>>> print(open('run-v1.csv').read())   # CSV, C-alpha atoms
chain,number,residue,atom,x,y,z
W,1,MET,CA,-70.1,52.7,-9.9
W,2,PRO,CA,-68.0,55.8,-9.5
W,3,PRO,CA,-64.9,56.1,-11.6
W,4,PRO,CA,-61.5,55.9,-9.9
W,5,PRO,CA,-60.2,59.2,-8.5
W,6,PRO,CA,-58.2,61.2,-11.0
W,7,ASP,CA,-54.9,60.5,-9.2
W,8,TRP,CA,-55.5,56.8,-9.1
W,9,GLY,CA,-53.7,54.9,-11.8
W,10,PRO,CA,-52.6,51.4,-12.9
W,11,GLU,CA,-49.4,51.7,-10.8
W,12,LEU,CA,-51.5,52.0,-7.6
W,13,ASP,CA,-53.6,49.0,-8.7
W,14,ALA,CA,-50.5,46.9,-9.2
W,15,ALA,CA,-49.0,48.1,-5.9
W,16,PHE,CA,-52.2,47.2,-4.1
W,17,ALA,CA,-52.2,43.7,-5.7
W,18,ALA,CA,-48.5,43.3,-4.7
W,19,GLY,CA,-49.3,44.0,-1.0
W,20,ASP,CA,-47.9,47.6,-0.8
W,21,GLU,CA,-49.3,49.0,2.5
W,22,GLN,CA,-49.1,52.6,1.1
W,23,ALA,CA,-51.4,51.5,-1.7
W,24,LEU,CA,-53.8,50.2,0.9
W,25,SER,CA,-53.6,53.5,2.7
W,26,ALA,CA,-54.2,55.4,-0.6
W,27,ALA,CA,-57.2,53.1,-1.4
W,28,TYR,CA,-58.6,53.8,2.0
W,29,ARG,CA,-58.3,57.6,1.6
W,30,HIS,CA,-59.9,57.5,-1.8
W,31,CYS,CA,-62.7,55.0,-1.2
W,32,ALA,CA,-63.7,54.8,2.4
W,33,GLY,CA,-66.0,57.8,2.2
W,34,VAL,CA,-67.8,56.4,-0.9
W,35,ILE,CA,-68.1,53.0,0.7
W,36,ARG,CA,-69.4,54.5,4.0
W,37,GLY,CA,-72.0,56.6,2.0
W,38,LEU,CA,-73.3,53.5,0.2
W,39,ALA,CA,-73.5,51.6,3.5
W,40,VAL,CA,-75.3,54.4,5.4
W,41,ARG,CA,-77.8,54.7,2.6
W,42,ALA,CA,-78.5,51.0,2.5
W,43,LEU,CA,-78.3,50.2,6.2
W,44,ARG,CA,-79.5,53.5,7.8
W,45,ASP,CA,-77.1,53.0,10.7
W,46,ASP,CA,-73.9,54.9,11.1
W,47,THR,CA,-72.2,52.3,13.3
W,48,ALA,CA,-73.1,49.4,10.9
W,49,ALA,CA,-71.8,51.6,8.0
W,50,ASP,CA,-68.5,52.1,9.9
W,51,ASP,CA,-68.3,48.3,10.4
W,52,VAL,CA,-68.9,47.7,6.7
W,53,VAL,CA,-66.0,50.1,5.8
W,54,GLN,CA,-63.7,48.2,8.1
W,55,GLU,CA,-64.8,44.8,6.8
W,56,VAL,CA,-64.3,45.9,3.2
W,57,PHE,CA,-60.7,46.8,3.8
W,58,ILE,CA,-60.0,43.8,5.9
W,59,ARG,CA,-61.4,41.5,3.2
W,60,ALA,CA,-59.7,43.4,0.4
W,61,TRP,CA,-56.3,43.1,2.1
W,62,LYS,CA,-56.8,39.5,3.2
W,63,TYR,CA,-57.9,38.4,-0.3
W,64,ARG,CA,-55.8,40.7,-2.4
W,65,SER,CA,-54.2,37.8,-4.1
W,66,GLY,CA,-57.5,37.3,-5.9
W,67,TYR,CA,-57.5,40.8,-7.2
W,68,ARG,CA,-56.7,41.2,-10.9
W,69,PRO,CA,-55.6,44.8,-11.7
W,70,GLU,CA,-56.0,44.0,-15.4
W,71,GLN,CA,-59.7,43.3,-15.0
W,72,SER,CA,-60.7,46.4,-12.8
W,73,SER,CA,-59.3,49.2,-10.8
W,74,THR,CA,-58.8,48.8,-7.1
W,75,PRO,CA,-61.7,51.3,-6.3
W,76,ALA,CA,-64.1,49.3,-8.5
W,77,TRP,CA,-63.0,46.1,-6.8
W,78,LEU,CA,-63.5,47.6,-3.4
W,79,ILE,CA,-67.0,48.8,-4.3
W,80,GLY,CA,-67.8,45.2,-5.3
W,81,ILE,CA,-66.6,43.9,-2.0
W,82,ALA,CA,-68.6,46.7,-0.3
W,83,ARG,CA,-71.8,45.5,-2.0
W,84,ASN,CA,-71.2,42.1,-0.6
W,85,CYS,CA,-70.4,43.4,2.9
W,86,ILE,CA,-73.5,45.6,2.9
W,87,ALA,CA,-75.7,42.7,1.9
W,88,ASP,CA,-74.1,40.6,4.7
W,89,ALA,CA,-74.7,43.4,7.2
W,90,ALA,CA,-78.3,43.8,6.1
W,91,ARG,CA,-78.9,40.0,6.5
W,92,THR,CA,-77.3,40.0,9.9
W,93,ALA,CA,-79.4,43.1,11.0
W,94,GLY,CA,-82.5,41.4,9.7
W,95,ARG,CA,-81.8,38.2,11.6
W,96,GLU,CA,-81.1,40.2,14.8
W,97,ALA,CA,-84.3,42.1,14.4
W,98,GLU,CA,-86.3,38.9,13.9
W,99,ARG,CA,-84.6,37.3,16.9
W,100,ARG,CA,-85.3,40.3,19.1
W,101,GLN,CA,-89.0,40.3,17.9
W,102,ALA,CA,-89.2,36.6,18.6
W,103,ASP,CA,-87.7,37.0,22.1
W,104,ALA,CA,-90.2,39.8,22.8
W,105,VAL,CA,-93.1,37.7,21.7
W,106,ARG,CA,-91.8,34.7,23.7
W,107,SER,CA,-91.2,36.8,26.9
W,108,ASP,CA,-94.8,38.2,26.6
W,109,ARG,CA,-96.2,34.7,26.4
W,110,GLU,CA,-94.0,33.0,29.0
W,111,PRO,CA,-94.2,33.9,32.6
W,112,ARG,CA,-90.9,34.6,34.2
W,113,HIS,CA,-90.1,32.0,36.8
W,114,GLU,CA,-86.4,32.4,37.1
W,115,GLU,CA,-86.4,34.8,40.0
W,116,SER,CA,-89.2,33.0,41.9
W,117,ASP,CA,-87.5,29.6,41.3
W,118,LEU,CA,-84.2,31.0,42.7
W,119,LEU,CA,-86.0,32.4,45.8
W,120,VAL,CA,-87.7,29.0,46.4
W,121,ASP,CA,-84.3,27.2,46.0
W,122,ARG,CA,-82.7,29.5,48.5
W,123,LEU,CA,-85.5,29.0,51.0
W,124,VAL,CA,-85.4,25.2,50.7
W,125,VAL,CA,-81.6,25.2,51.2
W,126,ARG,CA,-81.8,27.5,54.2
W,127,ALA,CA,-84.5,25.3,55.8
W,128,GLU,CA,-82.4,22.2,55.2
W,129,VAL,CA,-79.4,23.9,56.7
W,130,GLU,CA,-81.4,24.8,59.8
W,131,ARG,CA,-82.6,21.2,60.0
W,132,LEU,CA,-79.0,20.1,60.5
W,133,GLY,CA,-79.1,21.5,64.0
W,134,PRO,CA,-76.3,23.1,66.0
W,135,PRO,CA,-73.4,23.3,65.7
W,136,ARG,CA,-73.5,22.0,62.1
W,137,SER,CA,-76.2,24.5,61.0
W,138,THR,CA,-74.3,27.4,62.6
W,139,ILE,CA,-71.0,26.3,60.9
W,140,MET,CA,-72.7,25.9,57.5
W,141,ALA,CA,-74.4,29.3,57.8
W,142,LEU,CA,-71.1,31.0,58.7
W,143,ALA,CA,-69.3,29.2,55.8
W,144,PHE,CA,-71.9,29.8,53.1
W,145,TYR,CA,-73.9,32.8,54.1
W,146,GLU,CA,-71.2,34.8,55.9
W,147,GLU,CA,-68.5,33.5,53.6
W,148,LEU,CA,-66.0,32.9,56.5
W,149,THR,CA,-63.0,30.6,56.0
W,150,HIS,CA,-62.7,27.4,58.0
W,151,GLN,CA,-60.1,29.1,60.2
W,152,GLN,CA,-62.3,32.1,60.8
W,153,ILE,CA,-65.2,29.8,61.8
W,154,ALA,CA,-63.0,27.9,64.2
W,155,GLN,CA,-61.8,31.1,65.8
W,156,HIS,CA,-65.3,32.6,65.9
W,157,LEU,CA,-66.9,29.5,67.6
W,158,ASP,CA,-63.8,28.5,69.6
W,159,LEU,CA,-63.7,25.1,68.0
W,160,PRO,CA,-60.8,23.0,66.6
W,161,LEU,CA,-60.2,23.5,62.9
W,162,GLY,CA,-60.6,19.8,62.2
W,163,THR,CA,-64.0,19.8,64.0
W,164,VAL,CA,-65.2,22.7,61.8
W,165,LYS,CA,-64.1,20.8,58.6
W,166,SER,CA,-65.7,17.6,59.8
W,167,HIS,CA,-69.0,19.4,60.5
W,168,LEU,CA,-68.9,21.1,57.1
W,169,ARG,CA,-68.3,17.8,55.3
W,170,ARG,CA,-71.0,15.9,57.1
W,171,GLY,CA,-73.4,18.8,56.7
W,172,LEU,CA,-72.8,18.9,52.9
W,173,ILE,CA,-73.3,15.2,52.7
W,174,ASN,CA,-76.6,15.5,54.6
W,175,LEU,CA,-77.8,18.3,52.4
W,176,ARG,CA,-76.9,16.4,49.3
W,177,THR,CA,-78.9,13.4,50.5
W,178,ARG,CA,-81.9,15.5,51.7
W,179,LEU,CA,-82.1,17.6,48.5
W,180,GLY,CA,-82.2,14.5,46.4
W,181,ASP,CA,-78.7,14.2,44.9
W,182,GLY,CA,-78.2,10.8,46.5
W,183,HIS,CA,-74.3,11.0,46.4
W,184,GLY,CA,-73.9,11.0,50.2
W,185,THR,CA,-75.1,9.1,53.1
W,186,PRO,CA,-77.1,10.8,55.9
W,187,GLU,CA,-75.9,10.9,59.4
>>> encode(input="run-v1.csv", output="structure tokens")
Amino acid sequence: MPPPPPDWGPELDAAFAAGDEQALSAAYRHCAGVIRGLAVRALRDDTAADDVVQEVFIRAWKYRSGYRPEQSSTPAWLIGIARNCIADAARTAGREAERRQADAVRSDREPRHEESDLLVDRLVVRAEVERLGPPRSTIMALAFYEELTHQQIAQHLDLPLGTVKSHLRRGLINLRTRLGDGHGTPE
């Protein structure tokens, strides 16, 4: 463990323990480089090392009430926190690597059906919409495929707004019944 910097003294340790933000700033200036160096060496990842530095100072500030200046200097205490943060980061990186590897193995073994299932679902729904017959199928297509509002559909087809809404409602009930939901009654 490196000794505290020459201009670090017991008064800064006490100020840090008391919550003096200038002492936190001084601790950061004095120790961040050393902590980052330890993290880079251990993790071999600059971004993870930067995260460790940040986590060390967050933990130190958050839990400064547990710091005892009479037992160690602030830099030594920060290095102890850094060791814990580096170990945590290494465990997290290991778990993420294992998860990525497991996902890769799983994706190699399992065929991808999501896209084909989605296409089949779309085709089934489109066929059921067409089975509704005009004008209901036309109104449903304009509402869901063309994304027109009820008012726009009524204007486009020169139908009363209430008629458009009724056809949409009945069409949805028919689709729900035909596609197996069972919450509607066919017409």
>>> atom_distance(input="run-v1.csv", atom1="atom CA of W:Ala26", atom2="atom CA of W:Asp46")
22.9 Å
>>> atom_distance(input="run-v1.csv", atom1="atom CA of W:Gly162", atom2="atom CA of W:Met140")
14.3 Å
>>> atom_distance(input="run-v1.csv", atom1="atom CA of W:Thr92", atom2="atom CA of W:Asp51")
12.3 Å
>>> closest_residue(input="run-v1.csv", among="W:Arg36, W:Arg126, W:His30, W:Arg91", to="W:Leu179", atoms="only C-alpha atoms")
W:Arg126
>>> closest_residue(input="run-v1.csv", among="W:Val125, W:Ala27, W:Ile173, W:Ala17", to="W:Lys62", atoms="all atoms listed in the file")
W:Ala17
>>> residues_around(input="run-v1.csv", residues="stretch 37-43 of chain W", least_positions_apart="3", cutoff="10 Å", atoms="only C-alpha atoms", output="list in words")
Cys31, Ala32, Gly33, Val34, Asp46, Thr47, Ala48, Ala49, Asp50, Asp51, Val52, Val53, Ile79, Ala82, Arg83, Cys85, Ile86, Ala87, Ala89, Ala90 and Ala93 of chain W
>>> closest_residue(input="run-v1.csv", among="W:Thr163, W:Asn84, W:Thr177, W:Gln155", to="W:Pro135", atoms="all atoms listed in the file")
W:Thr163
>>> closest_residue(input="run-v1.csv", among="W:Ala18, W:Leu12, W:Leu175, W:Arg59", to="W:Val124", atoms="only C-alpha atoms")
W:Leu175
>>> residues_around(input="run-v1.csv", residues="stretch 65-73 of chain W", least_positions_apart="6", cutoff="9 Å", atoms="only C-alpha atoms", output="list in words")
Pro3, Pro4, Trp8, Gly9, Pro10, Leu12, Asp13, Ala14, Phe16, Ala17, Ala18 and Gly19 of chain W
>>> closest_residue(input="run-v1.csv", among="W:Arg44, W:Arg122, W:Arg136, W:His150", to="W:Leu172", atoms="only C-alpha atoms")
W:Arg136
